[in-house]
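Q: Input file: model.cif. Contents: mmCIF, C-alpha atoms.
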```cif
data_start
#
loop_
_atom_site.label_atom_id
_atom_site.label_comp_id
_atom_site.auth_asym_id
_atom_site.auth_seq_id
_atom_site.Cartn_x
_atom_site.Cartn_y
_atom_site.Cartn_z
CA MET A 1 47.14 123.86 123.72
CA ILE A 2 50.23 123.73 121.47
CA LYS A 3 51.94 121.12 123.64
CA ALA A 4 50.12 118.15 122.12
CA PRO A 5 51.18 118.74 118.49
CA ILE A 6 54.77 119.28 119.63
CA ALA A 7 54.69 116.02 121.57
CA ILE A 8 53.28 114.21 118.55
CA LEU A 9 55.93 115.74 116.34
CA PHE A 10 58.61 114.77 118.87
CA LEU A 11 57.34 111.18 119.03
CA ALA A 12 57.13 110.99 115.28
CA THR A 13 60.72 112.20 114.95
CA LEU A 14 61.83 109.72 117.57
CA ALA A 15 60.00 106.91 115.79
CA SER A 16 61.49 107.70 112.42
CA ALA A 17 64.97 108.07 113.83
CA SER A 18 65.12 104.83 115.81
CA TYR A 19 64.69 101.78 113.65
CA PRO A 20 64.35 98.51 115.56
CA ASN A 21 67.70 96.65 115.49
CA ALA A 22 69.10 99.49 113.42
CA SER A 23 67.42 98.05 110.36
CA TRP A 24 66.76 100.45 107.53
CA ALA A 25 63.09 101.39 107.27
CA GLY A 26 63.37 101.57 103.52
CA ASP A 27 63.60 105.28 103.03
CA ASP A 28 66.06 104.74 100.23
CA LYS A 29 64.76 107.85 98.42
CA LEU A 30 67.22 109.66 100.67
CA ILE A 31 70.15 107.81 99.10
CA LYS A 32 71.12 109.09 95.68
CA VAL A 33 73.71 107.88 93.26
CA GLU A 34 75.29 110.50 91.05
CA ASN A 35 77.63 110.41 88.08
CA ALA A 36 77.98 106.62 87.91
CA GLN A 37 80.76 105.57 85.55
CA VAL A 38 82.46 102.37 84.51
CA ARG A 39 85.98 102.59 83.16
CA ALA A 40 86.43 101.32 79.62
CA VAL A 41 89.06 98.61 79.38
CA PRO A 42 90.41 96.57 76.48
CA ALA A 43 88.87 93.20 75.62
CA VAL A 44 91.75 91.30 77.27
CA SER A 45 90.86 92.83 80.63
CA LYS A 46 88.50 90.81 82.77
CA GLU A 47 88.19 93.46 85.44
CA THR A 48 87.41 97.13 85.68
CA ALA A 49 86.10 99.58 88.25
CA ALA A 50 82.92 101.59 88.77
CA PHE A 51 83.02 105.13 90.12
CA MET A 52 80.23 107.35 91.46
CA VAL A 53 79.18 109.64 94.25
CA ILE A 54 76.65 108.24 96.70
CA VAL A 55 74.82 110.94 98.61
CA ASN A 56 73.04 110.17 101.88
CA ASP A 57 70.45 112.77 102.87
CA SER A 58 69.19 110.71 105.79
CA ASP A 59 70.06 110.89 109.47
CA LYS A 60 71.63 107.43 109.46
CA PRO A 61 74.79 106.12 107.89
CA VAL A 62 74.32 103.35 105.35
CA GLN A 63 76.83 100.80 104.11
CA LEU A 64 77.50 99.92 100.50
CA VAL A 65 78.00 96.17 100.81
CA GLY A 66 78.13 95.05 97.20
CA GLY A 67 76.41 95.08 93.92
CA SER A 68 75.80 93.34 90.67
CA THR A 69 75.84 94.08 86.97
CA PRO A 70 75.01 92.00 83.91
CA ILE A 71 78.54 92.55 82.54
CA ALA A 72 80.52 91.13 85.48
CA GLY A 73 80.54 88.07 87.69
CA MET A 74 81.40 90.05 90.79
CA ALA A 75 81.08 93.60 92.08
CA MET A 76 83.10 94.21 95.24
CA PRO A 77 83.66 97.34 97.32
CA MET A 78 87.40 97.97 97.43
CA ILE A 79 89.70 100.45 99.06
CA THR A 80 92.95 101.60 97.49
CA THR A 81 95.94 101.32 99.78
CA ASN A 82 99.27 103.10 99.60
CA GLU A 83 101.59 101.47 102.08
CA ASP A 84 105.24 101.56 102.95
CA HIS A 85 107.05 98.35 102.06
CA GLY A 86 110.54 98.72 103.48
CA GLY A 87 110.90 102.35 102.43
CA THR A 88 109.07 101.97 99.12
CA MET A 89 105.49 103.02 98.77
CA ALA A 90 103.28 100.60 96.89
CA MET A 91 99.65 100.90 95.90
CA GLY A 92 97.25 98.06 96.25
CA MET A 93 93.64 97.20 96.81
CA LYS A 94 91.79 95.53 99.58
CA ASP A 95 88.28 94.18 99.40
CA VAL A 96 86.24 95.43 102.29
CA PRO A 97 82.90 94.14 103.61
CA SER A 98 81.42 97.60 103.23
CA LEU A 99 82.03 101.25 102.48
CA GLU A 100 80.15 103.74 104.61
CA VAL A 101 78.01 106.55 103.29
CA PRO A 102 77.85 108.84 106.34
CA ALA A 103 74.58 110.42 107.49
CA HIS A 104 74.10 113.71 105.64
CA GLY A 105 77.30 112.95 103.80
CA LYS A 106 78.62 111.27 100.73
CA LEU A 107 80.82 108.44 99.60
CA GLU A 108 83.02 109.12 96.64
CA LEU A 109 84.13 106.18 94.54
CA LYS A 110 86.82 107.43 92.21
CA ALA A 111 89.83 106.50 90.12
CA GLY A 112 92.78 105.88 92.40
CA GLY A 113 90.56 105.72 95.47
CA ASN A 114 87.71 103.66 96.86
CA HIS A 115 85.85 101.90 94.08
CA LEU A 116 83.56 99.09 93.16
CA MET A 117 85.65 96.45 91.43
CA LEU A 118 83.88 94.61 88.64
CA SER A 119 85.59 91.32 87.93
CA ASP A 120 84.97 88.30 85.69
CA LEU A 121 83.74 90.60 82.93
CA SER A 122 81.51 88.74 80.52
CA SER A 123 81.54 91.54 77.96
CA THR A 124 83.79 94.48 77.22
CA PRO A 125 82.24 97.83 78.16
CA LYS A 126 82.86 100.37 75.41
CA VAL A 127 83.09 104.14 75.76
CA GLY A 128 79.60 105.64 75.74
CA ASP A 129 77.84 102.36 76.61
CA LYS A 130 75.33 102.34 79.43
CA VAL A 131 75.85 99.64 82.02
CA GLN A 132 73.18 98.66 84.49
CA LEU A 133 74.59 98.65 87.99
CA THR A 134 72.70 97.48 91.07
CA LEU A 135 74.11 98.59 94.41
CA ARG A 136 73.26 96.81 97.64
CA PHE A 137 73.10 98.68 100.91
CA GLU A 138 72.70 97.82 104.57
CA PRO A 139 71.01 98.08 106.93
CA GLY A 140 68.05 96.81 105.02
CA PRO A 141 69.24 95.46 102.78
CA PHE A 142 67.93 97.59 99.97
CA GLU A 143 69.10 98.04 96.42
CA ILE A 144 69.46 100.95 94.04
CA THR A 145 69.86 100.37 90.32
CA VAL A 146 71.54 102.99 88.19
CA GLU A 147 72.76 103.32 84.63
CA ALA A 148 76.49 103.88 84.59
CA THR A 149 78.21 105.47 81.61
CA VAL A 150 81.34 103.86 80.25
CA THR A 151 84.20 106.38 80.08
CA LYS A 152 87.85 106.07 79.21
CA ASP A 153 89.52 108.86 81.17
CA MET B 1 122.73 195.75 95.40
CA GLN B 2 125.82 194.51 93.61
CA THR B 3 128.01 191.65 94.65
CA ASP B 4 131.71 192.10 94.74
CA PRO B 5 132.95 191.08 91.24
CA THR B 6 136.25 189.78 92.53
CA PHE B 7 134.65 187.90 95.34
CA ALA B 8 131.75 186.31 93.63
CA PRO B 9 133.65 184.40 90.85
CA ALA B 10 136.23 183.32 93.36
CA MET B 11 133.51 181.76 95.40
CA ALA B 12 131.50 180.62 92.37
CA GLN B 13 134.41 178.86 90.69
CA PRO B 14 135.23 176.19 93.26
CA ALA B 15 131.60 175.87 94.21
CA GLY B 16 130.67 175.24 90.56
CA ALA B 17 133.50 172.74 90.07
CA SER B 18 132.59 170.84 93.17
CA ARG B 19 128.95 170.81 92.11
CA GLN B 20 130.06 169.43 88.76
CA ASN B 21 132.22 166.80 90.42
CA ARG B 22 129.43 165.93 92.74
CA GLY B 23 127.12 165.67 89.74
CA VAL B 24 129.49 163.32 87.95
CA ARG B 25 129.94 161.26 91.08
CA ALA B 26 126.18 161.14 91.65
CA GLY B 27 125.64 160.18 88.03
CA LEU B 28 128.19 157.40 88.33
CA SER B 29 126.66 156.04 91.50
CA ILE B 30 123.21 156.17 89.94
CA ALA B 31 124.55 154.35 86.89
CA ALA B 32 126.30 151.82 89.12
CA ALA B 33 123.12 151.37 91.14
CA LEU B 34 121.12 150.92 87.94
CA VAL B 35 123.59 148.33 86.66
CA LEU B 36 123.38 146.54 90.00
CA VAL B 37 119.60 146.64 90.00
CA ALA B 38 119.54 145.41 86.40
CA LEU B 39 121.95 142.59 87.25
CA VAL B 40 119.94 141.52 90.28
CA CYS B 41 116.73 141.71 88.26
CA TRP B 42 118.25 139.72 85.43
CA LEU B 43 119.59 137.06 87.76
CA GLY B 44 116.42 137.01 89.83
CA TRP B 45 114.27 137.01 86.73
CA GLY B 46 116.31 134.17 85.31
CA ARG B 47 115.92 132.24 88.54
CA LEU B 48 112.23 132.94 88.78
CA HIS B 49 111.60 132.16 85.17
CA ALA B 50 113.86 129.13 84.86
CA TYR B 51 111.53 126.21 84.20
CA ARG B 52 110.82 124.23 87.31
CA PRO B 53 109.71 120.70 86.53
CA PHE B 54 106.45 119.60 88.01
CA ALA B 55 107.78 116.14 88.96
CA ARG B 56 107.64 115.34 92.67
CA GLU B 57 111.36 114.65 92.67
CA VAL B 58 113.96 115.99 90.30
CA PHE B 59 117.32 114.44 91.14
CA ALA B 60 120.10 116.98 91.62
CA ASP B 61 122.75 114.52 90.51
CA PRO B 62 120.99 112.13 88.12
CA LYS B 63 122.53 108.69 87.74
CA PRO B 64 122.52 106.57 84.60
CA ALA B 65 119.17 104.73 84.50
CA SER B 66 119.53 100.99 84.97
CA ASP B 67 119.10 99.33 81.58
CA PHE B 68 116.91 96.28 81.00
CA HIS B 69 116.43 93.56 78.45
CA LEU B 70 112.75 92.77 78.12
CA THR B 71 110.33 91.85 75.34
CA ASP B 72 107.69 94.28 74.12
CA GLN B 73 104.10 93.49 73.09
CA ASN B 74 105.23 92.89 69.51
CA GLY B 75 107.81 90.33 70.58
CA ARG B 76 110.71 92.69 69.95
CA PRO B 77 113.55 93.12 72.39
CA LEU B 78 113.18 96.26 74.47
CA SER B 79 116.06 97.98 76.21
CA LEU B 80 116.72 101.53 77.33
CA GLU B 81 119.73 101.71 75.09
CA ASN B 82 117.45 101.37 72.06
CA LEU B 83 115.41 104.32 73.33
CA ARG B 84 118.38 106.68 73.80
CA GLY B 85 117.50 110.10 72.36
CA LYS B 86 113.95 109.89 73.67
CA VAL B 87 112.48 110.88 76.99
CA VAL B 88 111.23 107.65 78.57
CA LEU B 89 108.37 107.49 81.04
CA LEU B 90 108.69 104.22 82.89
CA THR B 91 105.85 102.74 84.87
CA PHE B 92 105.26 99.36 86.49
CA GLY B 93 101.90 97.61 86.60
CA TYR B 94 99.91 94.62 85.42
CA THR B 95 97.09 94.15 82.95
CA HIS B 96 94.61 92.64 85.44
CA CYS B 97 94.80 95.83 87.49
CA PRO B 98 91.24 97.17 87.84
CA ASN B 99 91.90 100.70 89.04
CA ILE B 100 95.43 102.12 89.25
CA CYS B 101 97.02 100.93 85.99
CA PRO B 102 94.14 101.92 83.67
CA MET B 103 94.18 105.31 85.42
CA THR B 104 97.96 105.64 85.06
CA LEU B 105 97.90 104.76 81.36
CA ALA B 106 94.83 106.89 80.61
CA ASN B 107 96.48 109.85 82.36
CA LEU B 108 99.78 109.34 80.52
CA ASN B 109 97.80 109.22 77.30
CA GLN B 110 96.10 112.51 78.19
CA ALA B 111 99.45 114.25 78.65
CA PHE B 112 100.91 112.60 75.56
CA THR B 113 97.96 113.71 73.45
CA LEU B 114 98.65 117.34 74.44
CA LEU B 115 102.02 117.18 72.70
CA LYS B 116 102.54 118.12 69.07
CA PRO B 117 103.40 115.17 66.79
CA GLU B 118 107.09 116.17 66.66
CA GLN B 119 107.15 116.32 70.47
CA GLN B 120 105.37 112.97 70.74
CA SER B 121 108.11 111.36 68.67
CA GLN B 122 110.55 112.42 71.42
CA VAL B 123 108.66 110.59 74.17
CA GLN B 124 108.27 106.89 74.86
CA VAL B 125 105.96 105.45 77.51
CA VAL B 126 107.03 102.02 78.77
CA PHE B 127 104.76 99.88 80.94
CA ILE B 128 106.69 97.07 82.62
CA SER B 129 104.60 94.18 83.89
CA VAL B 130 105.05 93.10 87.48
CA ASP B 131 102.88 90.07 86.73
CA PRO B 132 104.84 88.22 84.01
CA GLN B 133 103.00 85.02 84.87
CA ARG B 134 99.74 86.33 83.39
CA ASP B 135 101.11 89.17 81.27
CA THR B 136 102.27 87.38 78.18
CA GLN B 137 103.27 89.23 75.06
CA ALA B 138 99.79 88.60 73.60
CA GLN B 139 98.12 89.92 76.76
CA LEU B 140 100.24 93.10 76.59
CA LEU B 141 99.41 93.49 72.91
CA GLY B 142 95.71 93.50 73.74
CA TYR B 143 96.21 95.89 76.64
CA VAL B 144 98.86 98.60 76.25
CA PRO B 145 98.01 99.93 72.73
CA PHE B 146 94.38 100.34 73.87
CA TYR B 147 95.55 103.33 75.92
CA ASN B 148 97.86 104.64 73.20
CA PRO B 149 99.15 102.87 70.10
CA SER B 150 102.65 104.25 70.64
CA PHE B 151 102.99 102.97 74.22
CA LEU B 152 105.16 99.94 74.80
CA GLY B 153 104.43 97.12 77.23
CA ALA B 154 107.27 94.95 78.47
CA THR B 155 107.45 91.54 80.01
CA SER B 156 110.01 88.80 80.50
CA SER B 157 110.09 85.11 81.23
CA THR B 158 113.35 85.45 83.14
CA GLY B 159 114.17 87.06 86.47
CA GLU B 160 114.82 90.35 84.68
CA ILE B 161 111.64 92.04 85.93
CA ALA B 162 112.54 91.47 89.57
CA ARG B 163 115.97 92.96 88.93
CA VAL B 164 114.63 96.00 87.05
CA ALA B 165 111.99 96.63 89.72
CA ARG B 166 114.69 96.59 92.40
CA ALA B 167 116.86 98.96 90.36
CA TYR B 168 114.01 101.50 90.22
CA GLY B 169 112.95 101.01 93.84
CA VAL B 170 109.69 99.35 92.86
CA PHE B 171 107.97 97.02 95.29
CA TYR B 172 105.52 94.41 94.03
CA ALA B 173 103.84 91.37 95.50
CA ALA B 174 100.85 89.26 94.47
CA ASP B 175 97.93 89.31 96.90
CA ALA B 176 95.78 86.33 97.82
CA PRO B 177 93.20 85.53 95.11
CA ALA B 178 90.12 87.81 95.26
CA ASN B 179 87.99 84.75 94.58
CA PRO B 180 89.43 81.80 96.55
CA ALA B 181 87.94 79.39 94.00
CA LYS B 182 90.04 81.00 91.26
CA PRO B 183 93.77 80.98 92.00
CA ASP B 184 94.31 83.34 89.04
CA SER B 185 92.07 86.07 90.46
CA TYR B 186 94.85 87.73 92.45
CA ASN B 187 95.70 91.41 92.42
CA VAL B 188 99.23 92.72 92.63
CA THR B 189 100.28 95.41 95.06
CA HIS B 190 102.91 97.53 93.36
CA SER B 191 104.66 100.89 93.42
CA ALA B 192 102.87 103.19 91.01
CA TYR B 193 105.40 105.95 90.45
CA VAL B 194 106.39 107.06 87.00
CA ASP B 195 110.12 107.47 86.39
CA LEU B 196 111.41 109.93 83.85
CA ILE B 197 114.59 109.00 81.99
CA ASP B 198 116.08 111.77 79.91
CA LYS B 199 117.34 111.38 76.38
CA HIS B 200 120.87 110.79 77.63
CA GLY B 201 119.68 107.78 79.58
CA ARG B 202 119.77 109.39 83.00
CA TRP B 203 117.04 108.79 85.59
CA VAL B 204 116.21 112.43 86.28
CA ALA B 205 112.76 112.63 87.83
CA LEU B 206 109.97 110.77 89.57
CA TYR B 207 106.22 111.39 89.53
CA GLU B 208 103.73 110.49 92.19
CA ASN B 209 100.83 108.61 90.61
CA LYS B 210 98.22 111.20 91.56
CA GLN B 211 100.30 113.94 89.89
CA LEU B 212 99.51 112.32 86.54
CA PHE B 213 96.01 113.80 86.58
CA GLU B 214 97.61 117.17 85.80
CA SER B 215 98.18 116.39 82.15
CA ALA B 216 99.12 119.91 81.06
CA LYS B 217 101.90 120.17 83.66
CA LEU B 218 103.19 116.72 82.82
CA ALA B 219 103.15 117.61 79.11
CA ALA B 220 105.15 120.79 79.88
CA ASP B 221 107.74 118.67 81.72
CA LEU B 222 107.99 116.34 78.75
CA VAL B 223 108.62 119.27 76.42
CA TYR B 224 111.23 120.65 78.84
CA PHE B 225 113.09 117.35 79.22
CA SER B 226 112.95 116.71 75.46
CA ARG B 227 114.96 119.92 74.99
CA GLU B 228 117.47 119.36 77.78
#
```
If you convert what's in this file into structure tokens, what do you get?
A:
Amino acid sequence: MIKAPIAILFLATLASASYPNASWAGDDKLIKVENAQVRAVPAVSKETAAFMVIVNDSDKPVQLVGGSTPIAGMAMPMITTNEDHGGTMAMGMKDVPSLEVPAHGKLELKAGGNHLMLSDLSSTPKVGDKVQLTLRFEPGPFEITVEATVTKD
Amino acid sequence: MQTDPTFAPAMAQPAGASRQNRGVRAGLSIAAALVLVALVCWLGWGRLHAYRPFAREVFADPKPASDFHLTDQNGRPLSLENLRGKVVLLTFGYTHCPNICPMTLANLNQAFTLLKPEQQSQVQVVFISVDPQRDTQAQLLGYVPFYNPSFLGATSSTGEIARVARAYGVFYAADAPANPAKPDSYNVTHSAYVDLIDKHGRWVALYENKQLFESAKLAADLVYFSRE
């Protein structure tokens, strides 16, 4: 009697959890971007960074693979490195193909850590400005557009 | 019942004297103990309440800080000798730095802003470029004062930067261009410590970059070192 609904439920769960070729079925409502910020820089700077928290409420990890914004030529996911160079620690950055947002987890992009580098700035973001930021994710690919606030600190 | 009058005083006399002596001795030992306790407390209190700088490293035997001869964003010569009497916060970076350097300078500004004007006049932030090729005087002028008008940027067209970096244990190296089509789109990997040079020109402390987020503690260190 109650076996059939359970089986249907089980199949439905199975179906929703196993996307063919691991492609994203477009449930991007489960991916949320919080507290998006772009760091204010002086006019001579042609690069800055965007920070945010990306929350993944789904059962599958997603990858932030890039993005775009009207104010910059490029938006690249970067990691911050702190490596030993002959006994001296030095900080640097490395562009990475993607940054993972784990299933039921979050990815924090923050000052001094992983970030989205915006380079070839075409205009100077000023404190308080809103900057449109489109983030591209895989599998999918799918995009999320947010308004990032320009902050100085 | 009556006690023997001849007996009782005879017994009472020495007993009383010894009790008195014992009292004096006890009083003295208590006083001595109190003095000792007070001394220990005072010393311990002093130790506990002596200011302990927040810097990651405070050198026990600070050496004279290596001087330099660079040019600031206004085209003026900049050397440590000219800054004697001020606490100098020395940091190395480059103006095309998208993440670390803006964070470093913004954090230093936060701490600096917590100081009273008379304390601010005792502190000088110096940002030495590790990318002199792109960081011209004009570039520094557009960059460093954005974070704080009193901060100084420094560059050089000679080999001075390499020498100064070595003297402060700073590593730096240009990476491959981020955009292969643009040779000028390189980032620079560099040490991101902040060195503190006291007003006598001694290199006394070193901050880890992430410590700079704690502006209040950094400001307290600056006040402390301004007095030393």
Q: Apply the PyMOL selection byres ((chain B) within 10 of (chain A)) to the displayed file and report the matching residues as an MDAnalysis selection string.
A: chainID B and resid 95:107 109:110 138:147 169:175 178:179 185 187:193 209:210 213
Q: Could you give me, as a ChimeraX atom specification, the residues that sit within 7 Å of (80.3, 107.2, 88.6) in the file's coordinates, counting only C-alpha atoms?
A: /A:34-38,50-53,148
Q: For the selection you just gave me, I'd like the residues written to a file as a PDB file, in the frame of the given file, keeping C-alpha atoms.
A:
```pdb
ATOM      1  CA  GLU A  34      75.290 110.500  91.050  1.00  0.00           C
ATOM      2  CA  ASN A  35      77.630 110.410  88.080  1.00  0.00           C
ATOM      3  CA  ALA A  36      77.980 106.620  87.910  1.00  0.00           C
ATOM      4  CA  GLN A  37      80.760 105.570  85.550  1.00  0.00           C
ATOM      5  CA  VAL A  38      82.460 102.370  84.510  1.00  0.00           C
ATOM      6  CA  ALA A  50      82.920 101.590  88.770  1.00  0.00           C
ATOM      7  CA  PHE A  51      83.020 105.130  90.120  1.00  0.00           C
ATOM      8  CA  MET A  52      80.230 107.350  91.460  1.00  0.00           C
ATOM      9  CA  VAL A  53      79.180 109.640  94.250  1.00  0.00           C
ATOM     10  CA  ALA A 148      76.490 103.880  84.590  1.00  0.00           C
TER      11      ALA A 148
END
```
Q: Using all atoms listed in the file, find all polymer residues with an atom at most 12 Å away from the point (75.8, 108.2, 110.1); report them as a list in words.
A: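 The residues that fall inside the cut-off are Ala17, Ala22, Val55, Asn56, Asp57, Ser58, Asp59, Lys60, Pro61, Val62, Gln63, Glu100, Val101, Pro102, Ala103, His104, Gly105, Lys106, Leu107 and Pro139 of chain A.
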Q: What does the file look like for those residues with C-alpha atoms, as a PDB file, in the frame of the given file?
A:
```pdb
ATOM      1  CA  ALA A  17      64.970 108.070 113.830  1.00  0.00           C
ATOM      2  CA  ALA A  22      69.100  99.490 113.420  1.00  0.00           C
ATOM      3  CA  VAL A  55      74.820 110.940  98.610  1.00  0.00           C
ATOM      4  CA  ASN A  56      73.040 110.170 101.880  1.00  0.00           C
ATOM      5  CA  ASP A  57      70.450 112.770 102.870  1.00  0.00           C
ATOM      6  CA  SER A  58      69.190 110.710 105.790  1.00  0.00           C
ATOM      7  CA  ASP A  59      70.060 110.890 109.470  1.00  0.00           C
ATOM      8  CA  LYS A  60      71.630 107.430 109.460  1.00  0.00           C
ATOM      9  CA  PRO A  61      74.790 106.120 107.890  1.00  0.00           C
ATOM     10  CA  VAL A  62      74.320 103.350 105.350  1.00  0.00           C
ATOM     11  CA  GLN A  63      76.830 100.800 104.110  1.00  0.00           C
ATOM     12  CA  GLU A 100      80.150 103.740 104.610  1.00  0.00           C
ATOM     13  CA  VAL A 101      78.010 106.550 103.290  1.00  0.00           C
ATOM     14  CA  PRO A 102      77.850 108.840 106.340  1.00  0.00           C
ATOM     15  CA  ALA A 103      74.580 110.420 107.490  1.00  0.00           C
ATOM     16  CA  HIS A 104      74.100 113.710 105.640  1.00  0.00           C
ATOM     17  CA  GLY A 105      77.300 112.950 103.800  1.00  0.00           C
ATOM     18  CA  LYS A 106      78.620 111.270 100.730  1.00  0.00           C
ATOM     19  CA  LEU A 107      80.820 108.440  99.600  1.00  0.00           C
ATOM     20  CA  PRO A 139      71.010  98.080 106.930  1.00  0.00           C
TER      21      PRO A 139
END
```
Q: Please expand the PyMOL selection byres ((chain A and resi 32) around 6) into the concrete residues it hits in this file, giving the result as a count of residues only.
A: 4
Q: Please measure the separation of CA of Thr124 (chain A) and CA of Ala75 (chain A), giving the value in Å to one decimal.
A: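 A separation of 15.1 Å between them.
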Q: Would you pick out the contacts of Ala205 (chain B) at 10 Å or less, using all atoms listed in the file, so that residues sharing its chain but fewer than 2 positions from it are not included, and give the list as a list in words?
A: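 These residues fall inside the cut-off: Pro53, Phe54, Ala55, Arg56, Glu57, Val58, Phe59, Ala60, Pro62, Leu89, Val194, Asp195, Leu196, Ile197, Asp198, Arg202, Trp203, Tyr207, Asp221 and Phe225 of chain B.
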Q: Taking 4 positions as the minimum chain separation for residues in the same chain, which residues sit within 6 Å of Val123 (chain B) when counting only C-alpha atoms? Answer as a VMD selection string.
A: chain B and resid 86 to 88
Q: What does the PyMOL selection byres ((chain B and resi 64-68) around 9) select in this file, as an mmCIF file with C-alpha atoms, in the frame of the given file?
A:
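Once written, result.cif looks like this:
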```cif
data_model
loop_
_atom_site.group_PDB
_atom_site.id
_atom_site.type_symbol
_atom_site.label_atom_id
_atom_site.label_comp_id
_atom_site.auth_asym_id
_atom_site.auth_seq_id
_atom_site.Cartn_x
_atom_site.Cartn_y
_atom_site.Cartn_z
ATOM 1 C CA PRO B 62 120.990 112.130 88.120
ATOM 2 C CA LYS B 63 122.530 108.690 87.740
ATOM 3 C CA HIS B 69 116.430 93.560 78.450
ATOM 4 C CA LEU B 70 112.750 92.770 78.120
ATOM 5 C CA LEU B 78 113.180 96.260 74.470
ATOM 6 C CA SER B 79 116.060 97.980 76.210
ATOM 7 C CA LEU B 80 116.720 101.530 77.330
ATOM 8 C CA GLU B 81 119.730 101.710 75.090
ATOM 9 C CA GLU B 160 114.820 90.350 84.680
ATOM 10 C CA ILE B 161 111.640 92.040 85.930
ATOM 11 C CA ARG B 163 115.970 92.960 88.930
ATOM 12 C CA VAL B 164 114.630 96.000 87.050
ATOM 13 C CA ALA B 167 116.860 98.960 90.360
ATOM 14 C CA TYR B 168 114.010 101.500 90.220
ATOM 15 C CA ILE B 197 114.590 109.000 81.990
ATOM 16 C CA ASP B 198 116.080 111.770 79.910
ATOM 17 C CA HIS B 200 120.870 110.790 77.630
ATOM 18 C CA GLY B 201 119.680 107.780 79.580
ATOM 19 C CA ARG B 202 119.770 109.390 83.000
ATOM 20 C CA TRP B 203 117.040 108.790 85.590
ATOM 21 C CA VAL B 204 116.210 112.430 86.280
#
```
Q: So the first atom is CA of Thr134 (chain A) and the second is CA of Gly67 (chain A); what is the distance between them in Å, to one decimal place?
A: 5.3 Å
